[in-house]
$ cat model_25.txt   # compact mmCIF, C-alpha atoms
# COMPACT_ATOMS: atom_id res chain seq x y z
CA MET E 1 17.80 28.17 7.27
CA THR E 2 21.56 27.87 6.90
CA GLY E 3 23.23 30.00 4.25
CA ALA E 4 20.31 32.42 4.46
CA SER E 5 22.43 35.39 3.41
CA GLY E 6 23.22 33.80 0.06
CA PHE E 7 21.56 34.23 -3.32
CA ILE E 8 18.79 31.66 -2.91
CA GLY E 9 18.41 32.31 0.81
CA ARG E 10 17.57 35.99 0.39
CA ASN E 11 14.98 35.27 -2.30
CA LEU E 12 13.45 32.55 -0.15
CA LEU E 13 13.22 34.82 2.90
CA LEU E 14 11.36 37.44 0.87
CA ARG E 15 8.65 34.90 0.00
CA ILE E 16 8.44 32.67 3.04
CA PRO E 17 5.08 32.82 4.89
CA GLU E 18 4.98 35.52 7.57
CA GLU E 19 3.56 33.10 10.12
CA TRP E 20 6.73 30.97 9.98
CA ASP E 21 9.29 31.80 12.65
CA VAL E 22 12.63 31.63 10.86
CA VAL E 23 16.14 31.35 12.28
CA ALA E 24 18.36 32.55 9.42
CA THR E 25 22.11 32.00 9.72
CA TYR E 26 24.83 34.14 8.20
CA ASN E 27 28.53 34.58 8.80
CA LYS E 28 30.48 37.12 6.73
CA SER E 29 27.67 39.00 4.98
CA GLU E 30 27.90 42.40 6.62
CA ASP E 31 24.69 43.66 5.00
CA PHE E 32 22.45 40.76 5.97
CA VAL E 33 21.01 42.25 9.17
CA ARG E 34 20.27 45.43 7.21
CA PHE E 35 18.63 43.35 4.45
CA VAL E 36 16.30 41.74 7.00
CA ALA E 37 15.39 45.10 8.54
CA GLN E 38 14.94 46.96 5.23
CA ASN E 39 12.51 44.30 3.98
CA ALA E 40 10.57 44.28 7.27
CA LEU E 41 11.09 40.56 7.74
CA HIS E 42 9.80 40.58 11.29
CA ASN E 43 9.52 36.79 11.44
CA VAL E 44 13.19 36.33 10.55
CA HIS E 45 15.82 36.13 13.27
CA ALA E 46 19.29 36.68 11.82
CA VAL E 47 21.87 34.61 13.69
CA LYS E 48 25.57 35.16 13.06
CA VAL E 49 27.40 31.83 13.28
CA ASP E 50 30.46 30.20 11.76
CA LEU E 51 29.04 26.82 10.78
CA THR E 52 32.54 25.41 10.31
CA ASN E 53 32.98 25.81 14.08
CA PRO E 54 31.27 22.87 15.89
CA SER E 55 31.03 24.46 19.35
CA GLN E 56 29.73 27.76 17.99
CA THR E 57 27.16 25.94 15.85
CA LYS E 58 26.02 23.90 18.85
CA LYS E 59 25.67 27.04 20.96
CA LYS E 60 23.63 28.91 18.36
CA LEU E 61 21.58 26.08 16.83
CA GLY E 62 21.38 23.47 19.59
CA LYS E 63 17.60 23.11 19.71
CA MET E 64 14.71 21.40 17.95
CA PHE E 65 13.36 22.75 14.67
CA ASP E 66 10.20 21.75 12.82
CA TYR E 67 11.91 22.37 9.48
CA GLY E 68 15.44 22.93 8.29
CA ILE E 69 16.60 24.27 4.94
CA CYS E 70 20.31 23.69 4.38
CA LEU E 71 21.71 26.09 1.79
CA ALA E 72 25.15 26.78 3.27
CA ALA E 73 27.91 25.67 0.90
CA ASN E 74 30.75 26.95 -1.21
CA THR E 75 29.36 28.32 -4.48
CA ASP E 76 32.62 29.61 -5.96
CA TRP E 77 33.85 27.19 -8.62
CA GLN E 78 37.28 28.79 -8.56
CA LEU E 79 37.68 28.00 -4.87
CA PHE E 80 37.18 24.27 -5.19
CA LEU E 81 39.89 24.19 -7.84
CA LYS E 82 42.32 26.15 -5.68
CA SER E 83 41.44 24.49 -2.37
CA PRO E 84 39.35 21.30 -2.33
CA ALA E 85 39.85 21.16 1.44
CA LYS E 86 38.28 24.59 1.90
CA ASP E 87 35.41 23.62 -0.37
CA LEU E 88 34.83 20.46 1.66
CA GLN E 89 34.86 22.44 4.89
CA MET E 90 32.39 25.04 3.60
CA THR E 91 30.10 22.47 1.98
CA ALA E 92 30.20 19.28 4.06
CA GLN E 93 31.53 20.38 7.44
CA THR E 94 28.88 23.08 7.74
CA LEU E 95 26.17 20.48 7.15
CA LEU E 96 27.67 18.00 9.61
CA ASN E 97 27.98 20.60 12.34
CA THR E 98 24.39 21.72 11.76
CA LEU E 99 22.97 18.20 11.90
CA GLU E 100 25.02 17.34 14.99
CA ALA E 101 23.85 20.50 16.76
CA ALA E 102 20.16 20.60 15.88
CA LYS E 103 17.30 18.13 15.95
CA ILE E 104 15.38 18.72 12.71
CA GLU E 105 12.06 17.04 12.04
CA ASN E 106 11.84 17.87 8.34
CA LEU E 107 15.01 18.63 6.39
CA VAL E 108 15.42 20.04 2.89
CA PHE E 109 19.00 19.76 1.71
CA VAL E 110 19.89 21.65 -1.45
CA SER E 111 22.45 19.51 -3.24
CA SER E 112 23.69 19.99 -6.78
CA GLY E 113 23.27 18.52 -10.24
CA ALA E 114 27.07 18.50 -10.21
CA VAL E 115 26.91 15.06 -8.55
CA TYR E 116 26.27 13.70 -12.06
CA ASN E 117 29.73 14.92 -13.09
CA GLY E 118 31.30 12.50 -15.57
CA LEU E 119 28.02 11.20 -16.99
CA THR E 120 26.63 11.92 -20.46
CA GLY E 121 23.05 12.18 -21.67
CA PRO E 122 19.86 11.80 -19.57
CA VAL E 123 20.43 11.43 -15.82
CA SER E 124 18.21 10.93 -12.80
CA PRO E 125 18.40 9.97 -9.11
CA GLY E 126 19.14 6.30 -8.61
CA MET E 127 21.90 6.23 -11.19
CA ARG E 128 25.33 5.10 -10.11
CA LEU E 129 27.50 8.14 -9.48
CA ASN E 130 31.25 8.58 -9.49
CA PRO E 131 32.00 12.32 -9.69
CA SER E 132 35.58 13.46 -10.01
CA SER E 133 35.29 17.20 -9.27
CA PRO E 134 35.92 18.20 -5.63
CA HIS E 135 32.66 20.12 -5.19
CA ALA E 136 30.57 17.30 -6.65
CA ILE E 137 32.30 14.84 -4.31
CA ALA E 138 31.53 17.09 -1.34
CA LYS E 139 27.86 17.44 -2.33
CA LEU E 140 27.47 13.69 -2.80
CA ALA E 141 29.07 13.10 0.61
CA CYS E 142 26.52 15.52 2.09
CA GLU E 143 23.68 13.48 0.60
CA LYS E 144 25.09 10.36 2.25
CA TYR E 145 25.36 12.15 5.58
CA VAL E 146 21.73 13.28 5.36
CA ALA E 147 20.68 9.63 4.95
CA PHE E 148 22.91 8.68 7.90
CA PHE E 149 21.34 11.26 10.22
CA LYS E 150 17.92 10.00 9.20
CA LYS E 151 19.06 6.49 10.15
CA VAL E 152 20.16 7.58 13.62
CA GLU E 153 16.89 9.54 14.00
CA SER E 154 18.32 13.07 14.16
CA ILE E 155 16.06 13.76 11.17
CA ASP E 156 12.49 12.51 10.88
CA ARG E 157 12.07 13.23 7.17
CA TYR E 158 14.29 14.59 4.43
CA VAL E 159 14.16 15.70 0.82
CA ILE E 160 17.36 16.17 -1.17
CA LEU E 161 17.06 18.61 -4.07
CA ARG E 162 19.73 18.30 -6.75
CA LEU E 163 19.63 21.85 -8.08
CA PHE E 164 21.10 22.16 -11.55
CA GLY E 165 21.37 25.93 -11.48
CA ALA E 166 19.60 29.19 -10.72
CA TYR E 167 19.77 32.82 -11.69
CA GLY E 168 18.12 36.04 -10.61
CA PRO E 169 18.33 38.91 -8.10
CA PHE E 170 21.11 38.73 -5.49
CA GLU E 171 23.16 36.28 -7.56
CA PRO E 172 26.96 36.70 -7.38
CA PRO E 173 28.33 39.08 -10.04
CA ARG E 174 30.58 36.27 -11.33
CA LYS E 175 27.61 34.31 -12.68
CA ILE E 176 27.23 34.25 -16.45
CA PHE E 177 23.67 35.60 -16.39
CA THR E 178 24.67 38.83 -14.66
CA LYS E 179 27.72 39.14 -16.91
CA LEU E 180 25.55 38.78 -20.00
CA VAL E 181 22.98 41.30 -18.78
CA LYS E 182 25.75 43.83 -18.15
CA ALA E 183 27.39 43.13 -21.52
CA PHE E 184 24.26 43.19 -23.69
CA TYR E 185 21.73 45.33 -21.78
CA PHE E 186 23.89 47.97 -20.13
CA GLU E 187 26.91 48.17 -22.41
CA LYS E 188 25.43 46.98 -25.75
CA GLN E 189 28.57 44.99 -26.50
CA LYS E 190 28.69 43.02 -29.75
CA GLU E 191 31.25 40.51 -28.50
CA PHE E 192 31.34 38.11 -25.56
CA ALA E 193 34.15 35.81 -24.37
CA ILE E 194 33.30 32.23 -23.39
CA VAL E 195 35.62 29.90 -21.51
CA GLY E 196 35.95 26.73 -23.58
CA ASP E 197 34.18 25.83 -26.82
CA GLY E 198 30.75 26.79 -25.48
CA ASN E 199 29.16 23.45 -26.29
CA ASN E 200 28.83 22.41 -22.66
CA LEU E 201 25.30 22.51 -21.26
CA ILE E 202 23.72 24.89 -18.80
CA ASP E 203 20.35 24.33 -17.13
CA ALA E 204 19.14 27.03 -14.78
CA LEU E 205 15.84 28.07 -13.25
CA TYR E 206 14.83 31.61 -12.48
CA VAL E 207 15.14 31.94 -8.72
CA ASP E 208 11.39 32.49 -8.20
CA ASP E 209 10.84 28.97 -9.52
CA VAL E 210 13.50 27.61 -7.17
CA VAL E 211 11.75 29.29 -4.24
CA LYS E 212 8.37 27.90 -5.30
CA ALA E 213 9.91 24.44 -5.56
CA ILE E 214 11.38 24.60 -2.06
CA LEU E 215 8.13 25.87 -0.59
CA SER E 216 6.20 23.08 -2.32
CA VAL E 217 8.54 20.55 -0.72
CA LEU E 218 8.17 22.14 2.73
CA ARG E 219 4.37 22.01 2.47
CA SER E 220 4.37 18.36 1.42
CA ASP E 221 4.47 15.24 3.58
CA VAL E 222 6.55 13.34 1.00
CA GLY E 223 9.88 12.38 2.47
CA ASP E 224 13.14 10.46 2.27
CA VAL E 225 13.58 11.08 -1.45
CA THR E 226 16.20 12.58 -3.73
CA VAL E 227 14.93 14.54 -6.73
CA ASP E 228 16.36 16.72 -9.48
CA LEU E 229 15.40 20.39 -9.56
CA SER E 230 15.97 21.63 -13.08
CA SER E 231 14.21 23.24 -16.02
CA GLY E 232 14.65 20.03 -17.99
CA LYS E 233 15.49 22.22 -20.98
CA PRO E 234 19.25 22.73 -21.01
CA ARG E 235 21.00 24.70 -23.73
CA THR E 236 24.62 25.11 -24.70
CA ILE E 237 26.55 28.11 -23.42
CA ASN E 238 26.82 29.28 -27.03
CA ALA E 239 23.05 29.12 -27.41
CA LEU E 240 22.49 30.92 -24.09
CA VAL E 241 24.68 33.82 -25.19
CA HIS E 242 22.87 34.14 -28.53
CA ASN E 243 19.47 33.83 -26.81
CA MET E 244 20.27 36.61 -24.37
CA ALA E 245 21.63 38.86 -27.11
CA GLU E 246 18.33 38.42 -28.96
CA ILE E 247 16.34 39.18 -25.81
CA PHE E 248 18.06 42.58 -25.65
CA GLY E 249 17.69 43.22 -29.36
CA LEU E 250 21.28 42.58 -30.41
CA LYS E 251 22.13 40.73 -33.62
CA ASN E 252 25.30 39.21 -35.03
CA VAL E 253 27.06 39.02 -31.68
CA ASN E 254 30.57 37.62 -31.97
CA LEU E 255 31.58 34.84 -29.59
CA LYS E 256 35.20 34.47 -28.51
CA HIS E 257 36.31 31.11 -27.13
CA GLU E 258 39.31 30.89 -24.85
CA GLY E 259 40.77 28.60 -22.20
CA CYS E 260 39.12 25.56 -20.61
CA PRO E 261 36.06 25.56 -18.34
CA ALA E 262 36.27 24.33 -14.75
CA GLY E 263 33.60 21.75 -15.54
CA TYR E 264 32.18 20.45 -18.80
CA ILE E 265 28.56 19.37 -18.52
CA LYS E 266 27.29 16.79 -21.00
CA PHE E 267 24.32 15.54 -19.01
CA GLN E 268 20.72 16.66 -18.60
CA SER E 269 18.05 15.68 -16.10
CA SER E 270 15.25 13.35 -17.18
CA ASP E 271 13.75 13.27 -13.68
CA ARG E 272 10.21 14.65 -13.33
CA SER E 273 9.71 13.81 -9.66
CA MET E 274 9.24 17.45 -8.67
CA GLU E 275 6.03 17.42 -10.68
CA THR E 276 4.79 13.94 -9.78
CA LEU E 277 5.65 14.13 -6.07
CA PHE E 278 5.32 17.83 -5.27
CA GLY E 279 3.16 19.27 -8.06
CA PHE E 280 5.87 21.69 -9.14
CA LYS E 281 6.62 22.76 -12.71
CA PRO E 282 8.84 25.68 -13.73
CA SER E 283 6.78 28.57 -15.07
CA THR E 284 9.28 31.35 -15.84
CA THR E 285 10.67 31.49 -19.37
CA LEU E 286 14.23 32.61 -20.00
CA GLU E 287 13.04 35.88 -21.57
CA VAL E 288 10.82 36.75 -18.60
CA GLY E 289 13.45 35.77 -16.06
CA ILE E 290 16.24 37.67 -17.78
CA TRP E 291 14.20 40.85 -18.02
CA LYS E 292 13.38 40.59 -14.30
CA LEU E 293 17.07 40.21 -13.52
CA ALA E 294 17.96 43.11 -15.82
CA LYS E 295 15.44 45.44 -14.17
CA TRP E 296 16.66 44.42 -10.71
CA LEU E 297 20.28 45.08 -11.68
CA LYS E 298 19.36 48.43 -13.23
CA LYS E 299 17.66 49.47 -10.00
CA LYS E 300 20.59 48.21 -7.94
CA TYR E 301 23.20 50.15 -9.89
CA ALA E 302 21.09 53.23 -10.60

$ encode --input "model_25.txt" --output "structure tokens"
Amino acid sequence: MTGASGFIGRNLLLRIPEEWDVVATYNKSEDFVRFVAQNALHNVHAVKVDLTNPSQTKKKLGKMFDYGICLAANTDWQLFLKSPAKDLQMTAQTLLNTLEAAKIENLVFVSSGAVYNGLTGPVSPGMRLNPSSPHAIAKLACEKYVAFFKKVESIDRYVILRLFGAYGPFEPPRKIFTKLVKAFYFEKQKEFAIVGDGNNLIDALYVDDVVKAILSVLRSDVGDVTVDLSSGKPRTINALVHNMAEIFGLKNVNLKHEGCPAGYIKFQSSDRSMETLFGFKPSTTLEVGIWKLAKWLKKKYA
């Protein structure tokens, strides 16, 4: 599992079957080894490696794996705006070095719904794509490289998951869900600032559903497909803010709109392949997921 020290990686490690022997890579997360030990993840072997370094990656991961879960990527939207080259290195180069170093029988690559950048309305795999944002370009390039490594038989089977978004424990503090929990649950604010007009769409799954989806893919023999992983029920940023205020019992919250967002999403997934191919359907409502996140944050900062 590359990028194991990240938001989704940590949640996945906490729920992965104990009989699976897991090599979990990390680089700069100083608390990751402690996280593994504190949670008694005896089947997890934390391996420190800079995946942007080809020789180091080869040395640490140069072996055969039954399964591979590629999560390593840049997740900071501000970074791809400041340095597209750094974003490409962290997103695509890490994947290339991993696939050149390791022989993986079954690969799950977590891509992004951002590849649909520029489209409007219902979207699904198979549509012609022409993203203009640097991160979306990098993710789409990764998808092409996965298909290439399948062609040259470095991968026996692959599934590409275009994740539209996720929220929950261990997410970066910069994410809007954590910001809203802090504003409405902890601080009882009656005002919240939104970048842009707030009419752009957001579609995110609670992280437990993301983990269940990945595990359902790993347990399946379906392969060489690209599918969307989304709730299928997007809402505007404005609506999300009002919904979360209501969850925490706040009324008449004032929204401030300022600046321009890094990306403006006008598309929504119409793909239901996760259900038809892998038997997965999201089961966590926004209210349930937000309360779980709020309780986790309260415990973290207590």

$ closest_residue --input "model_25.txt" --among "E:Ile194, E:Ile214, E:Ala37, E:Ala136" --to "Met1 of chain E" --atoms "all atoms listed in the file"
E:Ile214

$ residues_around --input "model_25.txt" --residues "segment 16-18 of chain E" --least-positions-apart "3" --cutoff "7 Å" --atoms "only C-alpha atoms" --output "PDB file with C-alpha atoms, in the coordinates of the input"
ATOM      1  CA  LEU E  12      13.450  32.550  -0.150  1.00  0.00           C
ATOM      2  CA  LEU E  13      13.220  34.820   2.900  1.00  0.00           C
ATOM      3  CA  ASN E  43       9.520  36.790  11.440  1.00  0.00           C
TER       4      ASN E  43
END

$ atom_distance --input "model_25.txt" --atom1 "atom CA of Asp208 of chain E" --atom2 "atom CA of Phe267 of chain E"
23.9 Å

$ closest_residue --input "model_25.txt" --among "E:Ser124, E:Asn117, E:Ser154, E:Asn200" --to "Glu105 of chain E" --atoms "only C-alpha atoms"
E:Ser154

$ closest_residue --input "model_25.txt" --among "E:Ser220, E:Gln89, E:Gly68, E:His42" --to "Pro54 of chain E" --atoms "all atoms listed in the file"
E:Gln89

$ closest_residue --input "model_25.txt" --among "E:Asn27, E:Gln268, E:Thr2, E:Thr98" --to "Pro125 of chain E" --atoms "all atoms listed in the file"
E:Gln268

$ residues_near_point --input "model_25.txt" --point "(25.5, 39.6, -23.9)" --cutoff "7 Å" --atoms "only C-alpha atoms" --output "number ranges by chain"
E: 180-181, 183-184, 189, 192, 241, 244-245

$ closest_residue --input "model_25.txt" --among "E:Asp66, E:Asp156, E:Asp21, E:Asp197" --to "Val222 of chain E" --atoms "only C-alpha atoms"
E:Asp156

$ residues_around --input "model_25.txt" --residues "Ala147 of chain E" --least-positions-apart "3" --cutoff "10 Å" --atoms "only C-alpha atoms" --output "compact mmCIF listing (two decimals) with C-alpha atoms, in the coordinates of the input"
# COMPACT_ATOMS: atom_id res chain seq x y z
CA CYS E 142 26.52 15.52 2.09
CA GLU E 143 23.68 13.48 0.60
CA LYS E 144 25.09 10.36 2.25
CA LYS E 150 17.92 10.00 9.20
CA LYS E 151 19.06 6.49 10.15
CA VAL E 152 20.16 7.58 13.62
CA GLU E 153 16.89 9.54 14.00
CA ILE E 155 16.06 13.76 11.17
CA ARG E 157 12.07 13.23 7.17
CA TYR E 158 14.29 14.59 4.43
CA VAL E 159 14.16 15.70 0.82
CA ILE E 160 17.36 16.17 -1.17
CA ASP E 224 13.14 10.46 2.27
CA VAL E 225 13.58 11.08 -1.45

$ residues_near_point --input "model_25.txt" --point "(13.5, 33.0, -18.9)" --cutoff "12 Å" --atoms "all atoms listed in the file" --output "ChimeraX atom specification"
/E:166-168,177,203-209,231,233-234,240,243-244,247,282-294

$ write_last_selection --input "model_25.txt" --atoms "C-alpha atoms" --output "short mmCIF file (atom, residue, chain, number, x, y, z; two decimals), in the coordinates of the input"
data_model
loop_
_atom_site.label_atom_id
_atom_site.label_comp_id
_atom_site.auth_asym_id
_atom_site.auth_seq_id
_atom_site.Cartn_x
_atom_site.Cartn_y
_atom_site.Cartn_z
CA ALA E 166 19.60 29.19 -10.72
CA TYR E 167 19.77 32.82 -11.69
CA GLY E 168 18.12 36.04 -10.61
CA PHE E 177 23.67 35.60 -16.39
CA ASP E 203 20.35 24.33 -17.13
CA ALA E 204 19.14 27.03 -14.78
CA LEU E 205 15.84 28.07 -13.25
CA TYR E 206 14.83 31.61 -12.48
CA VAL E 207 15.14 31.94 -8.72
CA ASP E 208 11.39 32.49 -8.20
CA ASP E 209 10.84 28.97 -9.52
CA SER E 231 14.21 23.24 -16.02
CA LYS E 233 15.49 22.22 -20.98
CA PRO E 234 19.25 22.73 -21.01
CA LEU E 240 22.49 30.92 -24.09
CA ASN E 243 19.47 33.83 -26.81
CA MET E 244 20.27 36.61 -24.37
CA ILE E 247 16.34 39.18 -25.81
CA PRO E 282 8.84 25.68 -13.73
CA SER E 283 6.78 28.57 -15.07
CA THR E 284 9.28 31.35 -15.84
CA THR E 285 10.67 31.49 -19.37
CA LEU E 286 14.23 32.61 -20.00
CA GLU E 287 13.04 35.88 -21.57
CA VAL E 288 10.82 36.75 -18.60
CA GLY E 289 13.45 35.77 -16.06
CA ILE E 290 16.24 37.67 -17.78
CA TRP E 291 14.20 40.85 -18.02
CA LYS E 292 13.38 40.59 -14.30
CA LEU E 293 17.07 40.21 -13.52
CA ALA E 294 17.96 43.11 -15.82
#

$ closest_residue --input "model_25.txt" --among "E:Met64, E:Leu140, E:Ala262, E:Ala239" --to "Ala102 of chain E" --atoms "all atoms listed in the file"
E:Met64

$ residues_around --input "model_25.txt" --residues "Ser132 of chain E" --least-positions-apart "5" --cutoff "9 Å" --atoms "only C-alpha atoms" --output "VMD selection string"
chain E and resid 115 117 to 118 137

$ write_last_selection --input "model_25.txt" --atoms "C-alpha atoms" --output "short mmCIF file (atom, residue, chain, number, x, y, z; two decimals), in the frame of the given file"
data_model
loop_
_atom_site.label_atom_id
_atom_site.label_comp_id
_atom_site.auth_asym_id
_atom_site.auth_seq_id
_atom_site.Cartn_x
_atom_site.Cartn_y
_atom_site.Cartn_z
CA VAL E 115 26.91 15.06 -8.55
CA ASN E 117 29.73 14.92 -13.09
CA GLY E 118 31.30 12.50 -15.57
CA ILE E 137 32.30 14.84 -4.31
#

$ residues_around --input "model_25.txt" --residues "Ser111 of chain E" --least-positions-apart "3" --cutoff "6 Å" --atoms "all atoms listed in the file" --output "count of residues only"
3

$ residues_around --input "model_25.txt" --residues "segment 6-9 of chain E" --least-positions-apart "5" --cutoff "9 Å" --atoms "all atoms listed in the file" --output "PyMOL selection string"
chain E and resi 1+14+24+26+29+71-72+166-172+207+210-211

$ atom_distance --input "model_25.txt" --atom1 "atom CA of Thr236 of chain E" --atom2 "atom CA of Asn199 of chain E"
5.1 Å

$ atom_distance --input "model_25.txt" --atom1 "atom CA of Phe248 of chain E" --atom2 "atom CA of Ile176 of chain E"
15.4 Å

$ axis_aligned_box --input "model_25.txt" --around "segment 160-178 of chain E" --padding-each-side "6 Å" --output "lines of an AutoDock Vina configuration file"
center_x = 23.8
center_y = 27.6
center_z = -8.8
size_x = 25.5
size_y = 34.9
size_z = 27.3

$ build_atoms --input "model_25.txt" --residues "segment 106-123 of chain E" --atoms "N, CA and C atoms" --output "PDB file, in the coordinates of the input"
ATOM      1  N   ASN E 106      11.975  17.941   9.796  1.00  0.00           N
ATOM      2  CA  ASN E 106      11.840  17.870   8.340  1.00  0.00           C
ATOM      3  C   ASN E 106      12.961  18.676   7.694  1.00  0.00           C
ATOM      4  N   LEU E 107      13.833  17.993   6.962  1.00  0.00           N
ATOM      5  CA  LEU E 107      15.010  18.630   6.390  1.00  0.00           C
ATOM      6  C   LEU E 107      14.917  18.710   4.868  1.00  0.00           C
ATOM      7  N   VAL E 108      15.231  19.885   4.328  1.00  0.00           N
ATOM      8  CA  VAL E 108      15.420  20.040   2.890  1.00  0.00           C
ATOM      9  C   VAL E 108      16.889  20.393   2.684  1.00  0.00           C
ATOM     10  N   PHE E 109      17.592  19.506   2.012  1.00  0.00           N
ATOM     11  CA  PHE E 109      19.000  19.760   1.710  1.00  0.00           C
ATOM     12  C   PHE E 109      19.142  20.071   0.236  1.00  0.00           C
ATOM     13  N   VAL E 110      19.697  21.250  -0.061  1.00  0.00           N
ATOM     14  CA  VAL E 110      19.890  21.650  -1.450  1.00  0.00           C
ATOM     15  C   VAL E 110      21.254  21.165  -1.905  1.00  0.00           C
ATOM     16  N   SER E 111      21.230  20.088  -2.667  1.00  0.00           N
ATOM     17  CA  SER E 111      22.450  19.510  -3.240  1.00  0.00           C
ATOM     18  C   SER E 111      22.676  20.132  -4.611  1.00  0.00           C
ATOM     19  N   SER E 112      23.350  19.423  -5.486  1.00  0.00           N
ATOM     20  CA  SER E 112      23.690  19.990  -6.780  1.00  0.00           C
ATOM     21  C   SER E 112      23.623  18.947  -7.882  1.00  0.00           C
ATOM     22  N   GLY E 113      23.226  19.399  -9.080  1.00  0.00           N
ATOM     23  CA  GLY E 113      23.270  18.520 -10.240  1.00  0.00           C
ATOM     24  C   GLY E 113      24.697  18.137 -10.588  1.00  0.00           C
ATOM     25  N   ALA E 114      25.658  18.803  -9.967  1.00  0.00           N
ATOM     26  CA  ALA E 114      27.070  18.500 -10.210  1.00  0.00           C
ATOM     27  C   ALA E 114      27.436  17.067  -9.803  1.00  0.00           C
ATOM     28  N   VAL E 115      26.610  16.441  -8.960  1.00  0.00           N
ATOM     29  CA  VAL E 115      26.910  15.060  -8.550  1.00  0.00           C
ATOM     30  C   VAL E 115      26.909  14.108  -9.738  1.00  0.00           C
ATOM     31  N   TYR E 116      26.290  14.528 -10.852  1.00  0.00           N
ATOM     32  CA  TYR E 116      26.270  13.700 -12.060  1.00  0.00           C
ATOM     33  C   TYR E 116      27.533  13.898 -12.911  1.00  0.00           C
ATOM     34  N   ASN E 117      28.472  14.660 -12.394  1.00  0.00           N
ATOM     35  CA  ASN E 117      29.730  14.920 -13.090  1.00  0.00           C
ATOM     36  C   ASN E 117      30.332  13.634 -13.642  1.00  0.00           C
ATOM     37  N   GLY E 118      30.695  13.666 -14.915  1.00  0.00           N
ATOM     38  CA  GLY E 118      31.300  12.500 -15.570  1.00  0.00           C
ATOM     39  C   GLY E 118      30.335  11.701 -16.411  1.00  0.00           C
ATOM     40  N   LEU E 119      29.028  11.933 -16.217  1.00  0.00           N
ATOM     41  CA  LEU E 119      28.020  11.200 -16.990  1.00  0.00           C
ATOM     42  C   LEU E 119      27.636  11.999 -18.239  1.00  0.00           C
ATOM     43  N   THR E 120      27.055  11.308 -19.204  1.00  0.00           N
ATOM     44  CA  THR E 120      26.630  11.920 -20.460  1.00  0.00           C
ATOM     45  C   THR E 120      25.192  11.525 -20.765  1.00  0.00           C
ATOM     46  N   GLY E 121      24.423  12.473 -21.281  1.00  0.00           N
ATOM     47  CA  GLY E 121      23.050  12.180 -21.670  1.00  0.00           C
ATOM     48  C   GLY E 121      22.072  12.327 -20.511  1.00  0.00           C
ATOM     49  N   PRO E 122      20.884  11.686 -20.611  1.00  0.00           N
ATOM     50  CA  PRO E 122      19.860  11.800 -19.570  1.00  0.00           C
ATOM     51  C   PRO E 122      20.334  11.204 -18.249  1.00  0.00           C
ATOM     52  N   VAL E 123      20.079  11.914 -17.148  1.00  0.00           N
ATOM     53  CA  VAL E 123      20.430  11.430 -15.820  1.00  0.00           C
ATOM     54  C   VAL E 123      19.240  11.592 -14.895  1.00  0.00           C
TER      55      VAL E 123
END
